[in-house]
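Chemist: So that we are looking at the same thing, I have put the structure below in structure tokens.
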Amino acid sequence: MTIERLETKQRMSRIVKHNGTIYLCGQVAADASKGITEQTQTMLDKVDALLAQAGSDREHILSATIYVKDMSYFSDMNAVWDAWIPEGHAPARACVAAKMAREALLVEISVVAAEIKPCC
């Protein structure tokens, strides 16, 4: 069983692949000075890029754990999430309120996805 680690540093790898499953490290907004809508969108844009790099996409997400700074952001975050997830491909998901690593961060996501296997 091979474990492949991509973009590995001392503390973590951004992507870990094992047995056709892709694990992404926690992703946050590209610009933490923005509001919850923009932070959620840029966070999900980063997930898209990492999934593509790892050989997957949002239709193959198995589970997602979303951390929000305060549940008052839940509805606005969900509006972006709902528009981003392809219909019929909603993953298992949890969403919890959590203290963020930096004060300005409002949302973070951790994703597990299936690798897309080439056909034929």
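Just so we're on the same page: first chain in the structure tokens is A, next is B, and so on; residues restart at 1 for each chain, and ligands are numbered from 1 in the order they show up.
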Using backbone DSSP assignments, extract all helix (DSSP H, G or I) residues from chain A; output them as a PyMOL selection string.
Modeler: chain A and resi 36-54+58-60+71-84
Chemist: Where does DSSP see strand (DSSP E) in stretch 44-118 of chain A, if you list the residues as a PyMOL selection string?
Modeler: chain A and resi 61-68+92-97+107-114
Chemist: Neighbouring residues of A:Ala97 were defined as those with any atom within 12 Å, considering only C-alpha atoms; residues of the same chain fewer than 2 positions away were excluded. Please report them as a VMD selection string.
Modeler: chain A and resid 65 to 74 94 to 95 99 to 100 106 to 109
Chemist: Find the residues around stretch 34-51 of chain A up to 10 Å (only C-alpha atoms counted), leave out those fewer than 4 positions away in its own chain, and share them as a PyMOL selection string.
Modeler: chain A and resi 6+14-15+22-30+55-58+60-61+68-69+73-81+83-85+104-116
Chemist: Using Å and a single decimal, report how far atom CA of A:Lys17 sits from atom CA of A:Glu87.
Modeler: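 We find that atom CA of A:Glu87 and atom CA of A:Lys17 lie 25.6 Å from each other.
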Chemist: Just checking: using only C-alpha atoms, which residue out of A:Ala92, A:Leu62, A:Ala98, A:Ala54 ends up closest to A:Lys117?
Modeler: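 With only C-alpha atoms as the atom set, the closest residue is A:Ala54.
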Chemist: Just give me the gap between atom CA of A:Pro91 and atom CA of A:Pro118 in Å, one decimal is fine.
Modeler: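 Separating atom CA of A:Pro91 from atom CA of A:Pro118 is a distance of 21.6 Å.
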